Amino acid sequence: MTQGARRSPARRTVLGAAALTTAAAAVSAGAPAAAAAAGTGAPAAGGAAGARGGARRGLPVPAVIAHRGASGHRPEHTLGSYQLALDMGAHVIEQDLVPTRDGHLVCRHENDISGTTDVADHPEFASRRTTKTVDGQSLTGWFTEDFTLAELKTLRAKERIPGTRPHNTLYDGRWTVPSFEEVLRWAEKEGRRRGHPVWLHVETKHPTYFRKLGLGLEERLAVLLRRYGRHRADSPTFLQSFEPTSMRRMAGLVATPRVVLLWTPDDRPYDFVDAGDPRTVADLVTPRGLDWIASYAQGIGPLLDLVVPKGPDGRLGEPTTLVRDAHARGLVVHPYTLRNENAFLPADFRRGTDPNAYGDVFGAYRAYFATGIDGIFTDQPDTGLLAAADHRDR
């Protein structure tokens with residue numbers, strides 16, 4: 001997750017045990033997309049989830065979503081990062097998916113693996129370093145679509161931002177790049193061991209780009225979801241993408257709940273750019289835009305600034321109406337990404353001058369939870385779980 005990165009490189013709660021609480025729970029694969037818009041109305045007292053699906057058992061509100069696993073503590077998108085997040089008690093674990101040359105889906109934040117693996121240390125792959133244009137941006141490095149899965153498995157994962165998280169470099173080289181099927185098998189095993197399902201939040205990365213390469217993500221993802229029983233409306237899984245048409249395509253393949261990710265107001269999703277659609281994120285967060293999203297999806301994943309904008313001084317301002325407007329259309333709201341380090345926090349919650357030191361992240365959680373969001377992505381799920389428990393105990 002986190003579109004922005006593409007543009008610049010004690011008490012514990014337990015896992016939710018049953019179906020997603022959304023208005024589209026009855027939608028089956030291939031059902032009319034309009035059915036996903038059913039169930040409007042203001043959020044019920046005591047949590048928005050009750051207003052979006054009849055208050056069946058499901059995830060706590062707010063849910064803590066482990067962003068690329070416990071990526072504040074382990075190199076992102078590794079089985080070590082996912083396992084730690086689950087052991088901490090995270091309610092949902094996120095994966096970003098990109099393809100290999102031979103059509104397997106693997107978990108990497110980007111298809112450019114230069115900064116997240118030791119590929120540069122492998123002389124046998126030196127000739128594969130190349131320059132590509134991905135979603136309109138020129139990038140130089142090594143890319144998953146130029147490797148088979150077997151070749152990728154010879155690489156080792158490493159910390160993406162070692163300057164910010166030098167403690168994570170202790171684990172450089174410990175894990176390989178996981179395939180999504182490995183993650184599904186891991187989730188199955190952990191679910192049996194724990195007696196409840198492991199929730200996943202799965203993103204299709206650069207789907208337009210990969211479709212043009214003959215490596216369409218959605219069909220491959222649908223095959224795996226069906227193989228592991230995660231293709232139903234009550235599956236413990238969310239699908240997500242920054243390209244709305246990817247989620248519309250998934251709606252015709254599986255009934256798994258779908259979330260549209262939203263970046264800055266002036267951003268045009270790349271599938272819109274490719275199709276000549278002039279709409280921006282600012283258009284999608286209007287009531288009309290949310291109505292359109294609700295016709296094929298069950299949630300939105302907005303940048304936190306779309307929920308509570310920052311002023312020129314970097315401090316939080318007044319919340320927008322986005323959470324209320326989305327809830328009125330039966331959409332869950334899972335914004336991203338709250339991290340503990342000062343560099344990532346609003347100015348009013350930074351402490352001291354070290355950008356890599358932890359700030360008043362609990363204060364930031366209180367501000368965002370007060371808006372009524374249904375969940376939040378975080379790199380440090382242990383901190384998020386404590387903050388969510390504080391919020392529910394108020």
# chains A, B, ... in the order shown; residues from 1 in each chain; ligands from 1
>>> residues_around(residues="Gly80 in chain A", least_positions_apart="5", cutoff="9 Å", atoms="only C-alpha atoms", output="short mmCIF file (atom, residue, chain, number, x, y, z; two decimals) with all heavy atoms, in the first residue's frame")
data_model
loop_
_atom_site.label_atom_id
_atom_site.label_comp_id
_atom_site.auth_asym_id
_atom_site.auth_seq_id
_atom_site.Cartn_x
_atom_site.Cartn_y
_atom_site.Cartn_z
N GLY A 69 2.48 -6.12 7.15
CA GLY A 69 2.87 -6.85 8.35
C GLY A 69 3.29 -5.88 9.43
O GLY A 69 2.89 -4.71 9.42
N ALA A 70 4.09 -6.33 10.37
CA ALA A 70 4.62 -5.43 11.41
C ALA A 70 5.87 -4.77 10.86
O ALA A 70 7.00 -4.97 11.33
CB ALA A 70 4.93 -6.21 12.68
N ARG A 74 10.01 -5.38 11.49
CA ARG A 74 10.65 -6.39 10.65
C ARG A 74 10.60 -5.90 9.20
O ARG A 74 9.71 -5.13 8.82
CB ARG A 74 9.91 -7.74 10.73
CG ARG A 74 9.84 -8.37 12.11
CD ARG A 74 11.20 -8.90 12.57
NE ARG A 74 11.06 -9.65 13.81
CZ ARG A 74 11.14 -9.10 15.04
NH1 ARG A 74 11.32 -7.80 15.16
NH2 ARG A 74 11.04 -9.87 16.11
N PRO A 75 11.52 -6.34 8.35
CA PRO A 75 11.43 -5.96 6.92
C PRO A 75 10.05 -6.30 6.35
O PRO A 75 9.53 -7.39 6.57
CB PRO A 75 12.54 -6.80 6.28
CG PRO A 75 13.54 -6.98 7.37
CD PRO A 75 12.71 -7.15 8.62
N ALA A 85 3.13 -9.54 13.28
CA ALA A 85 1.88 -8.77 13.36
C ALA A 85 0.75 -9.62 13.92
O ALA A 85 -0.03 -9.17 14.77
CB ALA A 85 1.51 -8.24 11.98
N ARG A 174 17.07 -12.65 6.36
CA ARG A 174 16.50 -13.77 7.11
C ARG A 174 15.38 -14.47 6.34
O ARG A 174 15.18 -15.69 6.49
CB ARG A 174 15.99 -13.29 8.46
CG ARG A 174 15.63 -14.43 9.41
CD ARG A 174 15.37 -13.92 10.81
NE ARG A 174 15.12 -15.03 11.72
CZ ARG A 174 16.06 -15.66 12.42
NH1 ARG A 174 17.32 -15.29 12.29
NH2 ARG A 174 15.75 -16.66 13.22
N TRP A 175 14.63 -13.72 5.53
CA TRP A 175 13.47 -14.29 4.85
C TRP A 175 13.57 -14.06 3.34
O TRP A 175 14.21 -13.13 2.86
CB TRP A 175 12.18 -13.68 5.38
CG TRP A 175 11.92 -14.00 6.82
CD1 TRP A 175 11.52 -15.20 7.34
CD2 TRP A 175 12.07 -13.10 7.93
NE1 TRP A 175 11.39 -15.10 8.71
CE2 TRP A 175 11.72 -13.84 9.10
CE3 TRP A 175 12.45 -11.76 8.07
CZ2 TRP A 175 11.75 -13.28 10.38
CZ3 TRP A 175 12.48 -11.20 9.34
CH2 TRP A 175 12.14 -11.95 10.47
#
>>> residues_around(residues="Val281 in chain A", least_positions_apart="2", cutoff="8 Å", atoms="only C-alpha atoms", output="list in words")
Leu262, Trp263, Thr264, Pro265, Asp266, Asp267, Arg268, Pro269, Arg279, Asp283, Leu284 and Val285 of chain A
>>> write_last_selection(atoms="N, CA, C and O atoms", output="PDB file, in the first residue's frame")
ATOM      1  N   LEU A 262      -7.508   5.643  -2.023  1.00  0.00           N
ATOM      2  CA  LEU A 262      -7.578   7.025  -2.483  1.00  0.00           C
ATOM      3  C   LEU A 262      -6.360   7.795  -1.992  1.00  0.00           C
ATOM      4  O   LEU A 262      -6.061   7.814  -0.800  1.00  0.00           O
ATOM      5  N   TRP A 263      -5.680   8.441  -2.907  1.00  0.00           N
ATOM      6  CA  TRP A 263      -4.479   9.206  -2.604  1.00  0.00           C
ATOM      7  C   TRP A 263      -4.856  10.675  -2.457  1.00  0.00           C
ATOM      8  O   TRP A 263      -5.924  10.981  -1.929  1.00  0.00           O
ATOM      9  N   THR A 264      -4.035  11.606  -2.861  1.00  0.00           N
ATOM     10  CA  THR A 264      -4.287  13.026  -2.645  1.00  0.00           C
ATOM     11  C   THR A 264      -5.427  13.536  -3.531  1.00  0.00           C
ATOM     12  O   THR A 264      -5.717  12.951  -4.578  1.00  0.00           O
ATOM     13  N   PRO A 265      -6.067  14.649  -3.155  1.00  0.00           N
ATOM     14  CA  PRO A 265      -7.217  15.136  -3.926  1.00  0.00           C
ATOM     15  C   PRO A 265      -6.931  15.361  -5.405  1.00  0.00           C
ATOM     16  O   PRO A 265      -7.807  15.145  -6.254  1.00  0.00           O
ATOM     17  N   ASP A 266      -5.704  15.785  -5.734  1.00  0.00           N
ATOM     18  CA  ASP A 266      -5.408  16.090  -7.137  1.00  0.00           C
ATOM     19  C   ASP A 266      -4.938  14.871  -7.928  1.00  0.00           C
ATOM     20  O   ASP A 266      -4.683  14.969  -9.136  1.00  0.00           O
ATOM     21  N   ASP A 267      -4.848  13.718  -7.291  1.00  0.00           N
ATOM     22  CA  ASP A 267      -4.370  12.522  -7.976  1.00  0.00           C
ATOM     23  C   ASP A 267      -5.425  11.960  -8.920  1.00  0.00           C
ATOM     24  O   ASP A 267      -6.618  11.922  -8.594  1.00  0.00           O
ATOM     25  N   ARG A 268      -4.980  11.535 -10.094  1.00  0.00           N
ATOM     26  CA  ARG A 268      -5.833  10.769 -10.998  1.00  0.00           C
ATOM     27  C   ARG A 268      -5.357   9.330 -10.980  1.00  0.00           C
ATOM     28  O   ARG A 268      -4.194   9.060 -11.306  1.00  0.00           O
ATOM     29  N   PRO A 269      -6.199   8.396 -10.570  1.00  0.00           N
ATOM     30  CA  PRO A 269      -5.795   6.988 -10.622  1.00  0.00           C
ATOM     31  C   PRO A 269      -5.255   6.655 -12.002  1.00  0.00           C
ATOM     32  O   PRO A 269      -5.754   7.153 -13.019  1.00  0.00           O
ATOM     33  N   ARG A 279     -11.541  12.389 -14.130  1.00  0.00           N
ATOM     34  CA  ARG A 279     -11.828  12.482 -12.701  1.00  0.00           C
ATOM     35  C   ARG A 279     -10.561  12.329 -11.852  1.00  0.00           C
ATOM     36  O   ARG A 279      -9.629  11.623 -12.204  1.00  0.00           O
ATOM     37  N   ASP A 283     -12.926  14.205  -7.006  1.00  0.00           N
ATOM     38  CA  ASP A 283     -14.239  13.842  -7.542  1.00  0.00           C
ATOM     39  C   ASP A 283     -14.782  12.586  -6.871  1.00  0.00           C
ATOM     40  O   ASP A 283     -15.989  12.465  -6.633  1.00  0.00           O
ATOM     41  N   LEU A 284     -13.898  11.639  -6.555  1.00  0.00           N
ATOM     42  CA  LEU A 284     -14.354  10.368  -5.995  1.00  0.00           C
ATOM     43  C   LEU A 284     -14.813  10.484  -4.554  1.00  0.00           C
ATOM     44  O   LEU A 284     -15.587   9.644  -4.088  1.00  0.00           O
ATOM     45  N   VAL A 285     -14.336  11.495  -3.822  1.00  0.00           N
ATOM     46  CA  VAL A 285     -14.748  11.632  -2.415  1.00  0.00           C
ATOM     47  C   VAL A 285     -15.979  12.510  -2.255  1.00  0.00           C
ATOM     48  O   VAL A 285     -16.414  12.768  -1.129  1.00  0.00           O
TER      49      VAL A 285
END
>>> residues_around(residues="Val361 in chain A", least_positions_apart="3", cutoff="12 Å", atoms="only C-alpha atoms", output="PDB file with N, CA, C and O atoms, in the first residue's frame")
ATOM      1  N   THR A 337      -1.574   5.921   6.397  1.00  0.00           N
ATOM      2  CA  THR A 337      -0.951   4.939   7.271  1.00  0.00           C
ATOM      3  C   THR A 337      -0.412   5.705   8.466  1.00  0.00           C
ATOM      4  O   THR A 337       0.288   6.711   8.269  1.00  0.00           O
ATOM      5  N   LEU A 338      -0.682   5.234   9.681  1.00  0.00           N
ATOM      6  CA  LEU A 338      -0.160   5.876  10.884  1.00  0.00           C
ATOM      7  C   LEU A 338       1.067   5.116  11.353  1.00  0.00           C
ATOM      8  O   LEU A 338       1.034   3.900  11.535  1.00  0.00           O
ATOM      9  N   ARG A 339       2.154   5.860  11.535  1.00  0.00           N
ATOM     10  CA  ARG A 339       3.431   5.290  11.975  1.00  0.00           C
ATOM     11  C   ARG A 339       3.906   6.043  13.211  1.00  0.00           C
ATOM     12  O   ARG A 339       3.554   7.200  13.410  1.00  0.00           O
ATOM     13  N   ASN A 340       4.748   5.398  14.007  1.00  0.00           N
ATOM     14  CA  ASN A 340       5.171   5.984  15.279  1.00  0.00           C
ATOM     15  C   ASN A 340       6.200   7.091  15.151  1.00  0.00           C
ATOM     16  O   ASN A 340       6.302   7.951  16.032  1.00  0.00           O
ATOM     17  N   GLU A 341       6.988   7.079  14.065  1.00  0.00           N
ATOM     18  CA  GLU A 341       8.116   7.999  13.970  1.00  0.00           C
ATOM     19  C   GLU A 341       7.660   9.432  13.692  1.00  0.00           C
ATOM     20  O   GLU A 341       6.711   9.675  12.943  1.00  0.00           O
ATOM     21  N   ASN A 342       8.386  10.383  14.285  1.00  0.00           N
ATOM     22  CA  ASN A 342       8.085  11.799  14.103  1.00  0.00           C
ATOM     23  C   ASN A 342       7.931  12.180  12.639  1.00  0.00           C
ATOM     24  O   ASN A 342       7.051  12.975  12.276  1.00  0.00           O
ATOM     25  N   ALA A 343       8.798  11.647  11.791  1.00  0.00           N
ATOM     26  CA  ALA A 343       8.805  12.040  10.381  1.00  0.00           C
ATOM     27  C   ALA A 343       7.463  11.800   9.707  1.00  0.00           C
ATOM     28  O   ALA A 343       7.126  12.476   8.729  1.00  0.00           O
ATOM     29  N   PHE A 344       6.685  10.844  10.219  1.00  0.00           N
ATOM     30  CA  PHE A 344       5.427  10.479   9.589  1.00  0.00           C
ATOM     31  C   PHE A 344       4.205  11.063  10.302  1.00  0.00           C
ATOM     32  O   PHE A 344       3.080  10.871   9.826  1.00  0.00           O
ATOM     33  N   LEU A 345       4.410  11.750  11.424  1.00  0.00           N
ATOM     34  CA  LEU A 345       3.284  12.231  12.225  1.00  0.00           C
ATOM     35  C   LEU A 345       2.928  13.672  11.881  1.00  0.00           C
ATOM     36  O   LEU A 345       3.790  14.448  11.440  1.00  0.00           O
ATOM     37  N   PRO A 346       1.665  14.073  12.100  1.00  0.00           N
ATOM     38  CA  PRO A 346       1.328  15.490  12.002  1.00  0.00           C
ATOM     39  C   PRO A 346       2.205  16.296  12.953  1.00  0.00           C
ATOM     40  O   PRO A 346       2.644  15.792  14.000  1.00  0.00           O
ATOM     41  N   ALA A 347       2.472  17.546  12.611  1.00  0.00           N
ATOM     42  CA  ALA A 347       3.425  18.363  13.372  1.00  0.00           C
ATOM     43  C   ALA A 347       3.052  18.491  14.841  1.00  0.00           C
ATOM     44  O   ALA A 347       3.933  18.562  15.712  1.00  0.00           O
ATOM     45  N   ASP A 348       1.744  18.539  15.145  1.00  0.00           N
ATOM     46  CA  ASP A 348       1.338  18.725  16.540  1.00  0.00           C
ATOM     47  C   ASP A 348       1.553  17.485  17.400  1.00  0.00           C
ATOM     48  O   ASP A 348       1.361  17.547  18.627  1.00  0.00           O
ATOM     49  N   PHE A 349       1.961  16.382  16.807  1.00  0.00           N
ATOM     50  CA  PHE A 349       2.205  15.171  17.585  1.00  0.00           C
ATOM     51  C   PHE A 349       3.670  14.729  17.531  1.00  0.00           C
ATOM     52  O   PHE A 349       4.010  13.657  18.030  1.00  0.00           O
ATOM     53  N   ARG A 350       4.528  15.550  16.960  1.00  0.00           N
ATOM     54  CA  ARG A 350       5.949  15.249  16.968  1.00  0.00           C
ATOM     55  C   ARG A 350       6.559  15.665  18.305  1.00  0.00           C
ATOM     56  O   ARG A 350       6.123  16.642  18.912  1.00  0.00           O
ATOM     57  N   ARG A 351       7.566  14.920  18.732  1.00  0.00           N
ATOM     58  CA  ARG A 351       8.230  15.204  20.003  1.00  0.00           C
ATOM     59  C   ARG A 351       9.739  15.200  19.796  1.00  0.00           C
ATOM     60  O   ARG A 351      10.309  14.214  19.317  1.00  0.00           O
ATOM     61  N   ALA A 357      12.768   9.383  15.877  1.00  0.00           N
ATOM     62  CA  ALA A 357      12.289   9.074  17.228  1.00  0.00           C
ATOM     63  C   ALA A 357      10.770   8.985  17.224  1.00  0.00           C
ATOM     64  O   ALA A 357      10.094   9.548  16.355  1.00  0.00           O
ATOM     65  N   TYR A 358      10.223   8.277  18.187  1.00  0.00           N
ATOM     66  CA  TYR A 358       8.767   8.167  18.298  1.00  0.00           C
ATOM     67  C   TYR A 358       8.179   9.456  18.851  1.00  0.00           C
ATOM     68  O   TYR A 358       8.727  10.067  19.782  1.00  0.00           O
ATOM     69  N   ALA A 364      -2.206  11.087  18.227  1.00  0.00           N
ATOM     70  CA  ALA A 364      -2.646  11.066  16.835  1.00  0.00           C
ATOM     71  C   ALA A 364      -3.738  10.017  16.633  1.00  0.00           C
ATOM     72  O   ALA A 364      -4.742  10.277  15.951  1.00  0.00           O
ATOM     73  N   TYR A 365      -3.571   8.824  17.227  1.00  0.00           N
ATOM     74  CA  TYR A 365      -4.619   7.810  17.134  1.00  0.00           C
ATOM     75  C   TYR A 365      -5.945   8.346  17.669  1.00  0.00           C
ATOM     76  O   TYR A 365      -7.013   8.129  17.069  1.00  0.00           O
ATOM     77  N   ARG A 366      -5.899   9.029  18.822  1.00  0.00           N
ATOM     78  CA  ARG A 366      -7.157   9.548  19.402  1.00  0.00           C
ATOM     79  C   ARG A 366      -7.851  10.485  18.423  1.00  0.00           C
ATOM     80  O   ARG A 366      -9.075  10.431  18.254  1.00  0.00           O
ATOM     81  N   ALA A 367      -7.075  11.336  17.771  1.00  0.00           N
ATOM     82  CA  ALA A 367      -7.663  12.296  16.833  1.00  0.00           C
ATOM     83  C   ALA A 367      -8.315  11.580  15.656  1.00  0.00           C
ATOM     84  O   ALA A 367      -9.430  11.937  15.235  1.00  0.00           O
ATOM     85  N   TYR A 368      -7.647  10.580  15.102  1.00  0.00           N
ATOM     86  CA  TYR A 368      -8.210   9.888  13.945  1.00  0.00           C
ATOM     87  C   TYR A 368      -9.371   8.971  14.339  1.00  0.00           C
ATOM     88  O   TYR A 368     -10.387   8.905  13.639  1.00  0.00           O
ATOM     89  N   THR A 378      -1.314   0.588  10.009  1.00  0.00           N
ATOM     90  CA  THR A 378      -0.192   1.046  10.813  1.00  0.00           C
ATOM     91  C   THR A 378       0.995   0.114  10.637  1.00  0.00           C
ATOM     92  O   THR A 378       0.827  -1.090  10.447  1.00  0.00           O
ATOM     93  N   ASP A 379       2.205   0.678  10.705  1.00  0.00           N
ATOM     94  CA  ASP A 379       3.425  -0.121  10.638  1.00  0.00           C
ATOM     95  C   ASP A 379       3.740  -0.772  11.983  1.00  0.00           C
ATOM     96  O   ASP A 379       4.532  -1.714  12.037  1.00  0.00           O
ATOM     97  N   GLN A 380       3.186  -0.234  13.065  1.00  0.00           N
ATOM     98  CA  GLN A 380       3.436  -0.742  14.416  1.00  0.00           C
ATOM     99  C   GLN A 380       2.116  -1.188  15.030  1.00  0.00           C
ATOM    100  O   GLN A 380       1.473  -0.451  15.787  1.00  0.00           O
ATOM    101  N   PRO A 381       1.655  -2.407  14.692  1.00  0.00           N
ATOM    102  CA  PRO A 381       0.340  -2.841  15.174  1.00  0.00           C
ATOM    103  C   PRO A 381       0.237  -2.968  16.683  1.00  0.00           C
ATOM    104  O   PRO A 381      -0.852  -2.823  17.233  1.00  0.00           O
ATOM    105  N   ASP A 382       1.356  -3.200  17.375  1.00  0.00           N
ATOM    106  CA  ASP A 382       1.296  -3.271  18.840  1.00  0.00           C
ATOM    107  C   ASP A 382       0.838  -1.952  19.427  1.00  0.00           C
ATOM    108  O   ASP A 382      -0.002  -1.911  20.331  1.00  0.00           O
ATOM    109  N   THR A 383       1.350  -0.850  18.897  1.00  0.00           N
ATOM    110  CA  THR A 383       0.926   0.478  19.346  1.00  0.00           C
ATOM    111  C   THR A 383      -0.525   0.731  18.960  1.00  0.00           C
ATOM    112  O   THR A 383      -1.321   1.235  19.770  1.00  0.00           O
ATOM    113  N   GLY A 384      -0.885   0.386  17.735  1.00  0.00           N
ATOM    114  CA  GLY A 384      -2.259   0.594  17.289  1.00  0.00           C
ATOM    115  C   GLY A 384      -3.264  -0.172  18.111  1.00  0.00           C
ATOM    116  O   GLY A 384      -4.357   0.326  18.396  1.00  0.00           O
ATOM    117  N   LEU A 386      -3.043  -1.028  21.304  1.00  0.00           N
ATOM    118  CA  LEU A 386      -3.236  -0.357  22.587  1.00  0.00           C
ATOM    119  C   LEU A 386      -4.124   0.873  22.412  1.00  0.00           C
ATOM    120  O   LEU A 386      -5.016   1.137  23.229  1.00  0.00           O
ATOM    121  N   ALA A 387      -3.877   1.646  21.349  1.00  0.00           N
ATOM    122  CA  ALA A 387      -4.677   2.840  21.103  1.00  0.00           C
ATOM    123  C   ALA A 387      -6.136   2.492  20.816  1.00  0.00           C
ATOM    124  O   ALA A 387      -7.057   3.171  21.291  1.00  0.00           O
ATOM    125  N   ALA A 388      -6.353   1.420  20.037  1.00  0.00           N
ATOM    126  CA  ALA A 388      -7.728   1.002  19.728  1.00  0.00           C
ATOM    127  C   ALA A 388      -8.438   0.525  20.980  1.00  0.00           C
ATOM    128  O   ALA A 388      -9.635   0.807  21.178  1.00  0.00           O
TER     129      ALA A 388
END
>>> residues_around(residues="Arg68 in chain A", least_positions_apart="5", cutoff="8 Å", atoms="only C-alpha atoms", output="list in words")
Met1, Glu76, His77, Ser81, Tyr82, Ile93, Glu94, Gln95, Asp96, His109 and Asp379 of chain A
>>> residues_around(residues="range 140-154 of chain A", least_positions_apart="3", cutoff="12 Å", atoms="only C-alpha atoms", output="PyMOL selection string")
chain A and resi 97-122+124-134+137+157+173+175-182+205-206+209-211+213-217
>>> select_by_dssp(residues="range 134-375 of chain A", states="helix (DSSP H, G or I)", output="number ranges by chain")
A: 144-146, 149-152, 166-171, 180-194, 207-212, 217-227, 244-251, 270-275, 281-284, 287-294, 304-307, 322-328, 342-344, 347-349, 361-369
>>> decode(residues="range 217-264 of chain A", atoms="C-alpha atoms", output="compact mmCIF listing (two decimals), in the first residue's frame")
# COMPACT_ATOMS: atom_id res chain seq x y z
CA LEU A 217 -3.45 -9.56 -11.72
CA GLU A 218 -7.16 -9.96 -11.15
CA GLU A 219 -7.72 -13.32 -12.82
CA ARG A 220 -4.66 -14.80 -11.14
CA LEU A 221 -5.81 -13.46 -7.78
CA ALA A 222 -9.32 -14.82 -8.26
CA VAL A 223 -7.95 -18.32 -8.94
CA LEU A 224 -6.05 -18.29 -5.65
CA LEU A 225 -8.95 -16.85 -3.69
CA ARG A 226 -11.20 -19.64 -4.97
CA ARG A 227 -8.58 -22.29 -4.29
CA TYR A 228 -8.35 -21.22 -0.64
CA GLY A 229 -12.04 -20.42 -0.09
CA ARG A 230 -11.63 -16.65 0.12
CA HIS A 231 -13.86 -15.81 -2.84
CA ARG A 232 -17.13 -15.34 -0.94
CA ALA A 233 -18.77 -12.20 0.44
CA ASP A 234 -18.22 -13.43 3.99
CA SER A 235 -14.54 -14.29 3.45
CA PRO A 236 -12.06 -12.91 6.01
CA THR A 237 -10.43 -10.89 3.26
CA PHE A 238 -10.49 -7.42 1.77
CA LEU A 239 -9.29 -6.67 -1.75
CA GLN A 240 -7.99 -3.20 -2.53
CA SER A 241 -6.46 -1.11 -5.28
CA PHE A 242 -5.61 2.46 -6.18
CA GLU A 243 -7.15 1.70 -9.58
CA PRO A 244 -10.94 1.58 -9.24
CA THR A 245 -11.36 -0.48 -12.41
CA SER A 246 -9.30 -3.25 -10.81
CA MET A 247 -11.91 -3.56 -8.08
CA ARG A 248 -14.71 -3.42 -10.64
CA ARG A 249 -13.01 -6.26 -12.49
CA MET A 250 -12.68 -8.24 -9.25
CA ALA A 251 -16.41 -7.73 -8.61
CA GLY A 252 -17.10 -9.84 -11.69
CA LEU A 253 -14.75 -12.60 -10.57
CA VAL A 254 -15.32 -13.07 -6.84
CA ALA A 255 -17.62 -11.77 -4.12
CA THR A 256 -14.74 -10.98 -1.75
CA PRO A 257 -15.24 -7.47 -0.24
CA ARG A 258 -13.51 -4.71 -2.19
CA VAL A 259 -11.96 -1.39 -1.14
CA VAL A 260 -10.94 1.54 -3.36
CA LEU A 261 -7.74 3.24 -2.21
CA LEU A 262 -7.58 7.03 -2.48
CA TRP A 263 -4.48 9.21 -2.60
CA THR A 264 -4.29 13.03 -2.64
